[in-house]
There are 2 protein chains.
Amino acid sequence: MKVYPNVLSQNDIIDQKLLTYSFQERGLQFGDGIYEVIRIYQGTYYLLTEHIDRLFRSAEAIKLQLPFSKSMVKKQLESLLKVNQITSDAKVYMQITRGTAIRNHIFPNVEANFYAYAQELPRPLDLLTTGVDTIIQPDVRWQNCYIKSLNLLPNVLAKQNAYEQNCFEAIFHRNDVITECSSSNLYMVKNGTIYTHPETNNILHGCVRQRIKQLVAALKVPLIEEAFTIEQLYQSDELFLSSSTAEIMPIIHVEGKQISDGKPGPTTRILQRAYEKDAKISEQ
Amino acid sequence: MKVYPNVLSQNDIIDQKLLTYSFQERGLQFGDGIYEVIRIYQGTYYLLTEHIDRLFRSAEAIKLQLPFSKSMVKKQLESLLKVNQITSDAKVYMQITRGTAIRNHIFPNVEANFYAYAQELPRPLDLLTTGVDTIIQPDVRWQNCYIKSLNLLPNVLAKQNAYEQNCFEAIFHRNDVITECSSSNLYMVKNGTIYTHPETNNILHGCVRQRIKQLVAALKVPLIEEAFTIEQLYQSDELFLSSSTAEIMPIIHVEGKQISDGKPGPTTRILQRAYEKDAKISEQ
């Protein structure tokens, strides 16, 4: 998918070809930074405030001094869409690292590096209709998964394993307790109630996850933030995941085993419609 | 400390100013790569073969296809010293990532990115004589610490905490069991026996650590690879850490508490001399 040519770098908008970093960038040598992926529907950000809020929470968690205020970054992100004349479905990737300095674990006294770019991204309509297959992997990540950091190697390895088994996602478990997926949150439906892992340090506090809690409250569908096991997962009535790019994605197979009747369930579909309404996605 | 101007990049030697990477480098966005830091004494590599072997083990662990053989990288690393005319104490940093590609967790079909540079590094003679202070931190890292990966954010945060408390290193524990330090292995001496965490996935399999095992065998000093607790650590007769840059470094304080008589112990000092002899370090 096409990356739009104009990108944000510090306070400037530059051509993406000029967006390069020294070999001593701290993102490159330590993964010492944070990021966000923000959804755009027909040229408009979805959950922008929520993403910016989380960016600032991640920054605080790793003691990273941000070189801008929330309103400044919001303004910059809006200008990124404008200068690229984006009016279709897309996403923006932004990251901030602790800057460029001679390699030393200790924080350098330099300015943070910030960049953001926009990329085309149609909705995954086919998959949203059919549902996806998944695998289960041990959650070997660090203990601060609530921080959206650039230390993504375990996520990369899990996702690759899923891909090699023709699956869309890898579901993580810690000692048989399901946490989330390699790049999305996970939910199961049992007897009309939605269950998902509580908002601890062991999962990312997803912006879509947060919104789902509000949507189900309005729909009067019970949602309980309570962890469940691999065994319970296989016995669920419905299973779905959420992320800014995957939306509300039904899961129909786990490790080759069919979940319920192998079709997206009614609660998942109701939630998909509520999501579309909330994101002001017009009929396509 | 000065970085030498000529650096390795893929198969070439280039000026460090030209060593830059696209914003879509996978090291920068995922920490999707591995690295080594190799010691140089008076223009000669120490434990070069061991470091190259570990690099290849790390690569295999993250399924990273290396673009060269062991003998090729060895030859390149030797040429790095030669072209910079390095004859003093230094270190080489090298890293390899899964390349540059449009951001996607799944492995791209591109060539790995490799670079290496040399940097001046005198021996820390004062600290080796006096010993250093340390703090204790929870080990929140992932479960594959034996892989020398670029996912170093927890190490960075722990080392910064140590620095802010005027300490040299942060000692990690998992549920009160000592693992290692943020960038070094840890050892305690009790009743003439050296104890260190076994070579599991929870610690880096240090090249100096490996060599220490050989040195103590020759010295007939017993070394047991057995984990110990925080409580046992405080009751130790001697405490020291090891790494390629810190060598055999005595620890005299932990969290402000004095270890034994607060001076580098006899076993540590014997080991320091054996290390110097092994590394062919001339009297300074």
# chains A, B, ... in the order shown; residues from 1 in each chain; ligands from 1
call {"tool": "interface_residues", "arguments": {"of": "chain A", "to": "chain B", "cutoff": "6 Å", "atoms": "only C-alpha atoms", "output": "list in words"}}
result
Leu19, Thr20, Tyr21, Ser22, Phe23, Gly27, Leu28, Gln29, Phe30, Gly31, Asp32, His105, Ile106, Val140, Arg141, Trp142, Gln143, Leu150, Asn151, Leu152, Leu153, Val156 and Gln160 of chain A
call {"tool": "residues_around", "arguments": {"residues": "B:Thr245", "least_positions_apart": "3", "cutoff": "12 Å", "atoms": "only C-alpha atoms", "output": "PDB file with N, CA, C and O atoms, in the first residue's frame"}}
result
ATOM      1  N   ASN A 104      24.902   4.660  24.350  1.00  0.00           N
ATOM      2  CA  ASN A 104      25.056   4.523  25.790  1.00  0.00           C
ATOM      3  C   ASN A 104      23.649   4.309  26.336  1.00  0.00           C
ATOM      4  O   ASN A 104      22.735   5.056  25.983  1.00  0.00           O
TER       5      ASN A 104
ATOM      6  N   GLU B  36      26.312  -7.108  18.582  1.00  0.00           N
ATOM      7  CA  GLU B  36      27.437  -7.564  19.403  1.00  0.00           C
ATOM      8  C   GLU B  36      28.305  -6.359  19.743  1.00  0.00           C
ATOM      9  O   GLU B  36      28.372  -5.400  18.955  1.00  0.00           O
ATOM     10  N   VAL B  37      28.925  -6.404  20.902  1.00  0.00           N
ATOM     11  CA  VAL B  37      29.944  -5.422  21.273  1.00  0.00           C
ATOM     12  C   VAL B  37      31.218  -6.222  21.550  1.00  0.00           C
ATOM     13  O   VAL B  37      31.215  -7.113  22.400  1.00  0.00           O
ATOM     14  N   ILE B  38      32.274  -5.939  20.827  1.00  0.00           N
ATOM     15  CA  ILE B  38      33.497  -6.745  20.919  1.00  0.00           C
ATOM     16  C   ILE B  38      34.653  -5.871  21.404  1.00  0.00           C
ATOM     17  O   ILE B  38      34.842  -4.747  20.922  1.00  0.00           O
ATOM     18  N   ARG B  39      35.415  -6.404  22.358  1.00  0.00           N
ATOM     19  CA  ARG B  39      36.509  -5.656  22.963  1.00  0.00           C
ATOM     20  C   ARG B  39      37.760  -5.738  22.109  1.00  0.00           C
ATOM     21  O   ARG B  39      38.026  -6.785  21.477  1.00  0.00           O
ATOM     22  N   ILE B  40      38.487  -4.645  22.090  1.00  0.00           N
ATOM     23  CA  ILE B  40      39.777  -4.585  21.388  1.00  0.00           C
ATOM     24  C   ILE B  40      40.825  -4.079  22.368  1.00  0.00           C
ATOM     25  O   ILE B  40      40.645  -3.024  22.973  1.00  0.00           O
ATOM     26  N   TYR B  41      41.871  -4.866  22.573  1.00  0.00           N
ATOM     27  CA  TYR B  41      42.985  -4.410  23.396  1.00  0.00           C
ATOM     28  C   TYR B  41      44.178  -4.161  22.502  1.00  0.00           C
ATOM     29  O   TYR B  41      44.619  -5.062  21.769  1.00  0.00           O
ATOM     30  N   TYR B  46      39.479  -9.275  21.241  1.00  0.00           N
ATOM     31  CA  TYR B  46      39.457 -10.282  22.307  1.00  0.00           C
ATOM     32  C   TYR B  46      38.152 -11.079  22.169  1.00  0.00           C
ATOM     33  O   TYR B  46      37.074 -10.492  22.068  1.00  0.00           O
ATOM     34  N   ASP B  89      43.222   0.694  22.823  1.00  0.00           N
ATOM     35  CA  ASP B  89      42.048   0.013  23.376  1.00  0.00           C
ATOM     36  C   ASP B  89      40.776   0.609  22.771  1.00  0.00           C
ATOM     37  O   ASP B  89      40.622   1.830  22.682  1.00  0.00           O
ATOM     38  N   ALA B  90      39.878  -0.246  22.384  1.00  0.00           N
ATOM     39  CA  ALA B  90      38.684   0.201  21.666  1.00  0.00           C
ATOM     40  C   ALA B  90      37.598  -0.856  21.797  1.00  0.00           C
ATOM     41  O   ALA B  90      37.771  -1.869  22.495  1.00  0.00           O
ATOM     42  N   LYS B  91      36.461  -0.600  21.181  1.00  0.00           N
ATOM     43  CA  LYS B  91      35.434  -1.635  21.054  1.00  0.00           C
ATOM     44  C   LYS B  91      34.816  -1.515  19.677  1.00  0.00           C
ATOM     45  O   LYS B  91      34.900  -0.453  19.040  1.00  0.00           O
ATOM     46  N   VAL B  92      34.221  -2.591  19.228  1.00  0.00           N
ATOM     47  CA  VAL B  92      33.461  -2.542  17.979  1.00  0.00           C
ATOM     48  C   VAL B  92      32.013  -2.869  18.294  1.00  0.00           C
ATOM     49  O   VAL B  92      31.720  -3.804  19.048  1.00  0.00           O
ATOM     50  N   TYR B  93      31.118  -2.054  17.763  1.00  0.00           N
ATOM     51  CA  TYR B  93      29.685  -2.331  17.843  1.00  0.00           C
ATOM     52  C   TYR B  93      29.224  -2.760  16.457  1.00  0.00           C
ATOM     53  O   TYR B  93      29.537  -2.095  15.468  1.00  0.00           O
ATOM     54  N   GLN B 119      35.089   2.252  18.224  1.00  0.00           N
ATOM     55  CA  GLN B 119      35.082   3.426  19.091  1.00  0.00           C
ATOM     56  C   GLN B 119      36.205   3.289  20.118  1.00  0.00           C
ATOM     57  O   GLN B 119      36.456   2.195  20.623  1.00  0.00           O
ATOM     58  N   GLU B 120      36.863   4.387  20.404  1.00  0.00           N
ATOM     59  CA  GLU B 120      37.890   4.407  21.468  1.00  0.00           C
ATOM     60  C   GLU B 120      37.294   3.914  22.777  1.00  0.00           C
ATOM     61  O   GLU B 120      36.159   4.275  23.109  1.00  0.00           O
ATOM     62  N   LEU B 121      38.039   3.144  23.533  1.00  0.00           N
ATOM     63  CA  LEU B 121      37.539   2.732  24.852  1.00  0.00           C
ATOM     64  C   LEU B 121      38.683   2.324  25.773  1.00  0.00           C
ATOM     65  O   LEU B 121      39.131   1.178  25.757  1.00  0.00           O
ATOM     66  N   PRO B 122      39.154   3.263  26.585  1.00  0.00           N
ATOM     67  CA  PRO B 122      40.191   2.912  27.567  1.00  0.00           C
ATOM     68  C   PRO B 122      39.605   1.948  28.585  1.00  0.00           C
ATOM     69  O   PRO B 122      38.380   1.902  28.783  1.00  0.00           O
ATOM     70  N   ARG B 123      40.466   1.175  29.246  1.00  0.00           N
ATOM     71  CA  ARG B 123      39.970   0.274  30.291  1.00  0.00           C
ATOM     72  C   ARG B 123      39.491   1.095  31.496  1.00  0.00           C
ATOM     73  O   ARG B 123      40.079   2.126  31.809  1.00  0.00           O
ATOM     74  N   PRO B 124      38.462   0.647  32.192  1.00  0.00           N
ATOM     75  CA  PRO B 124      37.969   1.389  33.366  1.00  0.00           C
ATOM     76  C   PRO B 124      38.824   1.082  34.594  1.00  0.00           C
ATOM     77  O   PRO B 124      38.346   0.494  35.569  1.00  0.00           O
ATOM     78  N   LEU B 125      40.094   1.473  34.523  1.00  0.00           N
ATOM     79  CA  LEU B 125      41.082   1.033  35.525  1.00  0.00           C
ATOM     80  C   LEU B 125      40.735   1.467  36.949  1.00  0.00           C
ATOM     81  O   LEU B 125      40.896   0.685  37.896  1.00  0.00           O
ATOM     82  N   LEU B 127      37.755   2.111  38.292  1.00  0.00           N
ATOM     83  CA  LEU B 127      36.625   1.332  38.816  1.00  0.00           C
ATOM     84  C   LEU B 127      37.019  -0.123  39.067  1.00  0.00           C
ATOM     85  O   LEU B 127      36.557  -0.744  40.025  1.00  0.00           O
ATOM     86  N   LEU B 128      37.866  -0.673  38.209  1.00  0.00           N
ATOM     87  CA  LEU B 128      38.314  -2.057  38.406  1.00  0.00           C
ATOM     88  C   LEU B 128      39.072  -2.193  39.724  1.00  0.00           C
ATOM     89  O   LEU B 128      39.080  -3.259  40.343  1.00  0.00           O
ATOM     90  N   SER B 183      23.390  -4.814  31.647  1.00  0.00           N
ATOM     91  CA  SER B 183      24.260  -5.072  30.488  1.00  0.00           C
ATOM     92  C   SER B 183      25.500  -5.864  30.895  1.00  0.00           C
ATOM     93  O   SER B 183      26.584  -5.662  30.337  1.00  0.00           O
ATOM     94  N   SER B 184      25.333  -6.753  31.872  1.00  0.00           N
ATOM     95  CA  SER B 184      26.461  -7.588  32.308  1.00  0.00           C
ATOM     96  C   SER B 184      25.941  -8.798  33.075  1.00  0.00           C
ATOM     97  O   SER B 184      24.795  -8.807  33.531  1.00  0.00           O
ATOM     98  N   ASN B 185      26.783  -9.814  33.198  1.00  0.00           N
ATOM     99  CA  ASN B 185      26.445 -10.988  34.009  1.00  0.00           C
ATOM    100  C   ASN B 185      26.904 -10.760  35.437  1.00  0.00           C
ATOM    101  O   ASN B 185      27.785  -9.945  35.691  1.00  0.00           O
ATOM    102  N   GLY B 206      26.979 -14.600  28.183  1.00  0.00           N
ATOM    103  CA  GLY B 206      28.078 -13.671  27.950  1.00  0.00           C
ATOM    104  C   GLY B 206      29.338 -14.363  27.467  1.00  0.00           C
ATOM    105  O   GLY B 206      29.684 -15.452  27.932  1.00  0.00           O
ATOM    106  N   CYS B 207      30.036 -13.706  26.540  1.00  0.00           N
ATOM    107  CA  CYS B 207      31.305 -14.261  26.049  1.00  0.00           C
ATOM    108  C   CYS B 207      32.358 -14.216  27.158  1.00  0.00           C
ATOM    109  O   CYS B 207      33.143 -15.156  27.298  1.00  0.00           O
ATOM    110  N   VAL B 208      32.372 -13.127  27.939  1.00  0.00           N
ATOM    111  CA  VAL B 208      33.315 -13.059  29.050  1.00  0.00           C
ATOM    112  C   VAL B 208      32.911 -14.078  30.122  1.00  0.00           C
ATOM    113  O   VAL B 208      33.759 -14.751  30.711  1.00  0.00           O
ATOM    114  N   LEU B 241      30.657  -8.389  38.536  1.00  0.00           N
ATOM    115  CA  LEU B 241      29.924  -8.525  37.275  1.00  0.00           C
ATOM    116  C   LEU B 241      30.942  -8.658  36.158  1.00  0.00           C
ATOM    117  O   LEU B 241      32.127  -8.364  36.347  1.00  0.00           O
ATOM    118  N   SER B 242      30.477  -9.094  35.007  1.00  0.00           N
ATOM    119  CA  SER B 242      31.376  -9.191  33.857  1.00  0.00           C
ATOM    120  C   SER B 242      30.668  -8.764  32.583  1.00  0.00           C
ATOM    121  O   SER B 242      29.464  -8.978  32.422  1.00  0.00           O
ATOM    122  N   ILE B 248      36.078  -7.761  34.534  1.00  0.00           N
ATOM    123  CA  ILE B 248      35.680  -8.391  35.799  1.00  0.00           C
ATOM    124  C   ILE B 248      35.565  -7.256  36.808  1.00  0.00           C
ATOM    125  O   ILE B 248      36.567  -6.783  37.354  1.00  0.00           O
ATOM    126  N   MET B 249      34.361  -6.782  37.049  1.00  0.00           N
ATOM    127  CA  MET B 249      34.177  -5.555  37.814  1.00  0.00           C
ATOM    128  C   MET B 249      33.661  -5.856  39.230  1.00  0.00           C
ATOM    129  O   MET B 249      32.565  -6.400  39.391  1.00  0.00           O
TER     130      MET B 249
END
call {"tool": "atom_distance", "arguments": {"atom1": "atom CA of A:His197", "atom2": "atom CA of A:Thr179"}}
result
5.8 Å
call {"tool": "atom_distance", "arguments": {"atom1": "atom CA of B:Val254", "atom2": "atom CA of A:Cys145"}}
result
28.5 Å
call {"tool": "residues_around", "arguments": {"residues": "stretch 66-68 of chain A", "least_positions_apart": "2", "cutoff": "10 Å", "atoms": "only C-alpha atoms", "output": "PyMOL selection string"}}
result
chain A and resi 10-11+55-56+59-60+63-64+70-74+96-98+111-114
call {"tool": "write_last_selection", "arguments": {"atoms": "N, CA, C and O atoms", "output": "PDB file, in the first residue's frame"}}
result
ATOM      1  N   GLN A  10      10.060  16.085  12.890  1.00  0.00           N
ATOM      2  CA  GLN A  10      10.145  17.183  13.865  1.00  0.00           C
ATOM      3  C   GLN A  10       9.025  18.186  13.538  1.00  0.00           C
ATOM      4  O   GLN A  10       7.879  17.771  13.477  1.00  0.00           O
ATOM      5  N   ASN A  11       9.370  19.462  13.307  1.00  0.00           N
ATOM      6  CA  ASN A  11       8.312  20.443  13.033  1.00  0.00           C
ATOM      7  C   ASN A  11       8.052  20.649  11.556  1.00  0.00           C
ATOM      8  O   ASN A  11       7.279  21.531  11.175  1.00  0.00           O
ATOM      9  N   LEU A  55      -0.212   8.076  23.466  1.00  0.00           N
ATOM     10  CA  LEU A  55       1.175   8.414  23.140  1.00  0.00           C
ATOM     11  C   LEU A  55       1.836   9.114  24.321  1.00  0.00           C
ATOM     12  O   LEU A  55       2.964   8.798  24.706  1.00  0.00           O
ATOM     13  N   PHE A  56       1.101  10.036  24.912  1.00  0.00           N
ATOM     14  CA  PHE A  56       1.674  10.777  26.049  1.00  0.00           C
ATOM     15  C   PHE A  56       1.819   9.876  27.276  1.00  0.00           C
ATOM     16  O   PHE A  56       2.763  10.031  28.051  1.00  0.00           O
ATOM     17  N   ALA A  59       4.913   7.796  26.628  1.00  0.00           N
ATOM     18  CA  ALA A  59       6.106   8.635  26.802  1.00  0.00           C
ATOM     19  C   ALA A  59       6.439   8.786  28.276  1.00  0.00           C
ATOM     20  O   ALA A  59       7.598   8.653  28.689  1.00  0.00           O
ATOM     21  N   GLU A  60       5.421   9.026  29.070  1.00  0.00           N
ATOM     22  CA  GLU A  60       5.645   9.189  30.502  1.00  0.00           C
ATOM     23  C   GLU A  60       6.198   7.893  31.109  1.00  0.00           C
ATOM     24  O   GLU A  60       7.099   7.914  31.946  1.00  0.00           O
ATOM     25  N   LYS A  63       9.710   7.661  30.483  1.00  0.00           N
ATOM     26  CA  LYS A  63      10.416   8.907  30.860  1.00  0.00           C
ATOM     27  C   LYS A  63      10.980   9.624  29.646  1.00  0.00           C
ATOM     28  O   LYS A  63      12.123  10.094  29.662  1.00  0.00           O
ATOM     29  N   LEU A  64      10.186   9.658  28.591  1.00  0.00           N
ATOM     30  CA  LEU A  64      10.600  10.331  27.357  1.00  0.00           C
ATOM     31  C   LEU A  64       9.959  11.715  27.305  1.00  0.00           C
ATOM     32  O   LEU A  64       8.739  11.846  27.356  1.00  0.00           O
ATOM     33  N   LYS A  70       0.022  18.168  23.321  1.00  0.00           N
ATOM     34  CA  LYS A  70      -1.002  17.371  22.642  1.00  0.00           C
ATOM     35  C   LYS A  70      -1.637  18.141  21.491  1.00  0.00           C
ATOM     36  O   LYS A  70      -1.878  17.596  20.409  1.00  0.00           O
ATOM     37  N   SER A  71      -1.892  19.419  21.713  1.00  0.00           N
ATOM     38  CA  SER A  71      -2.554  20.186  20.657  1.00  0.00           C
ATOM     39  C   SER A  71      -1.614  20.411  19.473  1.00  0.00           C
ATOM     40  O   SER A  71      -2.053  20.443  18.315  1.00  0.00           O
ATOM     41  N   MET A  72      -0.330  20.558  19.767  1.00  0.00           N
ATOM     42  CA  MET A  72       0.624  20.738  18.669  1.00  0.00           C
ATOM     43  C   MET A  72       0.714  19.494  17.785  1.00  0.00           C
ATOM     44  O   MET A  72       0.738  19.592  16.554  1.00  0.00           O
ATOM     45  N   VAL A  73       0.764  18.310  18.419  1.00  0.00           N
ATOM     46  CA  VAL A  73       0.891  17.094  17.612  1.00  0.00           C
ATOM     47  C   VAL A  73      -0.407  16.851  16.840  1.00  0.00           C
ATOM     48  O   VAL A  73      -0.388  16.392  15.686  1.00  0.00           O
ATOM     49  N   LYS A  74      -1.516  17.209  17.440  1.00  0.00           N
ATOM     50  CA  LYS A  74      -2.803  17.074  16.750  1.00  0.00           C
ATOM     51  C   LYS A  74      -2.826  17.935  15.492  1.00  0.00           C
ATOM     52  O   LYS A  74      -3.241  17.486  14.415  1.00  0.00           O
ATOM     53  N   ILE A  96       8.231   8.212  18.119  1.00  0.00           N
ATOM     54  CA  ILE A  96       9.113   9.164  18.789  1.00  0.00           C
ATOM     55  C   ILE A  96      10.162   8.366  19.541  1.00  0.00           C
ATOM     56  O   ILE A  96       9.834   7.431  20.275  1.00  0.00           O
ATOM     57  N   THR A  97      11.412   8.715  19.326  1.00  0.00           N
ATOM     58  CA  THR A  97      12.493   8.045  20.047  1.00  0.00           C
ATOM     59  C   THR A  97      13.248   9.069  20.893  1.00  0.00           C
ATOM     60  O   THR A  97      13.024  10.273  20.770  1.00  0.00           O
ATOM     61  N   ARG A  98      14.169   8.536  21.717  1.00  0.00           N
ATOM     62  CA  ARG A  98      14.913   9.418  22.615  1.00  0.00           C
ATOM     63  C   ARG A  98      16.068  10.124  21.901  1.00  0.00           C
ATOM     64  O   ARG A  98      16.961  10.659  22.555  1.00  0.00           O
ATOM     65  N   GLU A 111      17.479  16.147  21.755  1.00  0.00           N
ATOM     66  CA  GLU A 111      16.057  16.251  21.456  1.00  0.00           C
ATOM     67  C   GLU A 111      15.507  14.919  20.945  1.00  0.00           C
ATOM     68  O   GLU A 111      16.217  14.159  20.276  1.00  0.00           O
ATOM     69  N   ALA A 112      14.274  14.626  21.277  1.00  0.00           N
ATOM     70  CA  ALA A 112      13.607  13.427  20.772  1.00  0.00           C
ATOM     71  C   ALA A 112      13.456  13.516  19.259  1.00  0.00           C
ATOM     72  O   ALA A 112      13.356  14.615  18.703  1.00  0.00           O
ATOM     73  N   ASN A 113      13.456  12.372  18.592  1.00  0.00           N
ATOM     74  CA  ASN A 113      13.183  12.323  17.151  1.00  0.00           C
ATOM     75  C   ASN A 113      11.727  11.931  16.917  1.00  0.00           C
ATOM     76  O   ASN A 113      11.253  10.925  17.449  1.00  0.00           O
ATOM     77  N   PHE A 114      11.040  12.706  16.115  1.00  0.00           N
ATOM     78  CA  PHE A 114       9.631  12.449  15.824  1.00  0.00           C
ATOM     79  C   PHE A 114       9.422  12.351  14.324  1.00  0.00           C
ATOM     80  O   PHE A 114       9.955  13.156  13.566  1.00  0.00           O
TER      81      PHE A 114
END
call {"tool": "closest_residue", "arguments": {"among": "A:Ile135, A:Leu239, A:Ile230, A:Cys167", "to": "A:Leu186", "atoms": "only C-alpha atoms"}}
result
A:Leu239
call {"tool": "select_by_dssp", "arguments": {"residues": "stretch 71-262 of chain B", "states": "strand (DSSP E)", "output": "ChimeraX atom specification"}}
result
/B:90-97,113-120,132-138,169-174,177-181,185-190,193-196,223-225,238-243,247-254,257-258
call {"tool": "select_by_dssp", "arguments": {"residues": "stretch 89-277 of chain B", "states": "helix (DSSP H, G or I)", "output": "PyMOL selection string"}}
result
chain B and resi 125-130+153-164+207-219+230-234+266-277
call {"tool": "write_last_selection", "arguments": {"atoms": "C-alpha atoms", "output": "CSV table (one decimal), in the first residue's frame"}}
result
chain,number,residue,atom,x,y,z
B,125,LEU,CA,41.1,1.0,35.5
B,126,ASP,CA,39.9,3.2,38.5
B,127,LEU,CA,36.6,1.3,38.8
B,128,LEU,CA,38.3,-2.1,38.4
B,129,THR,CA,40.4,-1.1,41.4
B,130,THR,CA,37.8,0.5,43.7
B,153,LEU,CA,14.2,-0.6,26.4
B,154,PRO,CA,14.0,-2.4,29.8
B,155,ASN,CA,17.8,-2.4,30.0
B,156,VAL,CA,17.9,1.3,29.1
B,157,LEU,CA,15.4,2.1,31.8
B,158,ALA,CA,17.1,0.1,34.5
B,159,LYS,CA,20.6,1.5,33.6
B,160,GLN,CA,19.1,5.0,33.7
B,161,ASN,CA,17.7,4.3,37.2
B,162,ALA,CA,21.2,3.2,38.3
B,163,TYR,CA,22.8,6.3,36.8
B,164,GLU,CA,20.3,8.6,38.6
B,207,CYS,CA,31.3,-14.3,26.0
B,208,VAL,CA,33.3,-13.1,29.0
B,209,ARG,CA,31.1,-15.2,31.3
B,210,GLN,CA,32.0,-18.2,29.1
B,211,ARG,CA,35.7,-17.4,29.4
B,212,ILE,CA,35.5,-16.9,33.2
B,213,LYS,CA,34.3,-20.5,33.4
B,214,GLN,CA,37.4,-21.6,31.7
B,215,LEU,CA,39.7,-19.3,33.7
B,216,VAL,CA,38.3,-20.5,37.1
B,217,ALA,CA,38.7,-24.1,36.0
B,218,ALA,CA,42.3,-23.5,35.3
B,219,LEU,CA,42.7,-21.7,38.7
B,230,ILE,CA,18.5,-11.2,46.9
B,231,GLU,CA,19.0,-12.2,50.5
B,232,GLN,CA,21.9,-14.5,49.6
B,233,LEU,CA,23.4,-11.7,47.5
B,234,TYR,CA,23.6,-9.4,50.6
B,266,PRO,CA,40.5,-11.8,46.7
B,267,THR,CA,38.8,-14.2,44.3
B,268,THR,CA,37.7,-11.2,42.2
B,269,ARG,CA,41.2,-9.9,42.1
B,270,ILE,CA,42.7,-13.3,41.2
B,271,LEU,CA,40.1,-13.5,38.4
B,272,GLN,CA,41.0,-9.9,37.2
B,273,ARG,CA,44.6,-10.9,36.8
B,274,ALA,CA,43.7,-14.1,35.0
B,275,TYR,CA,41.5,-12.1,32.7
B,276,GLU,CA,44.4,-9.6,31.9
B,277,LYS,CA,46.7,-12.5,31.2
call {"tool": "residues_around", "arguments": {"residues": "B:Gln42", "least_positions_apart": "3", "cutoff": "9 Å", "atoms": "only C-alpha atoms", "output": "list in words"}}
result
Tyr45, Ile86, Thr87, Ser88, Asp89, Ala90 and Ile281 of chain B
call {"tool": "write_last_selection", "arguments": {"atoms": "N, CA and C atoms", "output": "short mmCIF file (atom, residue, chain, number, x, y, z; two decimals), in the first residue's frame"}}
result
data_model
loop_
_atom_site.label_atom_id
_atom_site.label_comp_id
_atom_site.auth_asym_id
_atom_site.auth_seq_id
_atom_site.Cartn_x
_atom_site.Cartn_y
_atom_site.Cartn_z
N TYR B 45 41.41 -7.86 18.58
CA TYR B 45 40.13 -8.33 19.13
C TYR B 45 40.34 -9.34 20.24
N ILE B 86 43.70 1.26 14.01
CA ILE B 86 43.47 1.18 15.46
C ILE B 86 44.54 0.30 16.11
N THR B 87 45.26 0.88 17.04
CA THR B 87 46.30 0.13 17.75
C THR B 87 46.12 0.26 19.27
N SER B 88 45.11 1.01 19.69
CA SER B 88 44.88 1.23 21.12
C SER B 88 43.65 0.44 21.59
N ASP B 89 43.22 0.69 22.82
CA ASP B 89 42.05 0.01 23.38
C ASP B 89 40.78 0.61 22.77
N ALA B 90 39.88 -0.25 22.38
CA ALA B 90 38.68 0.20 21.67
C ALA B 90 37.60 -0.86 21.80
N ILE B 281 46.76 -8.36 28.11
CA ILE B 281 46.83 -6.93 28.41
C ILE B 281 48.18 -6.68 29.08
#
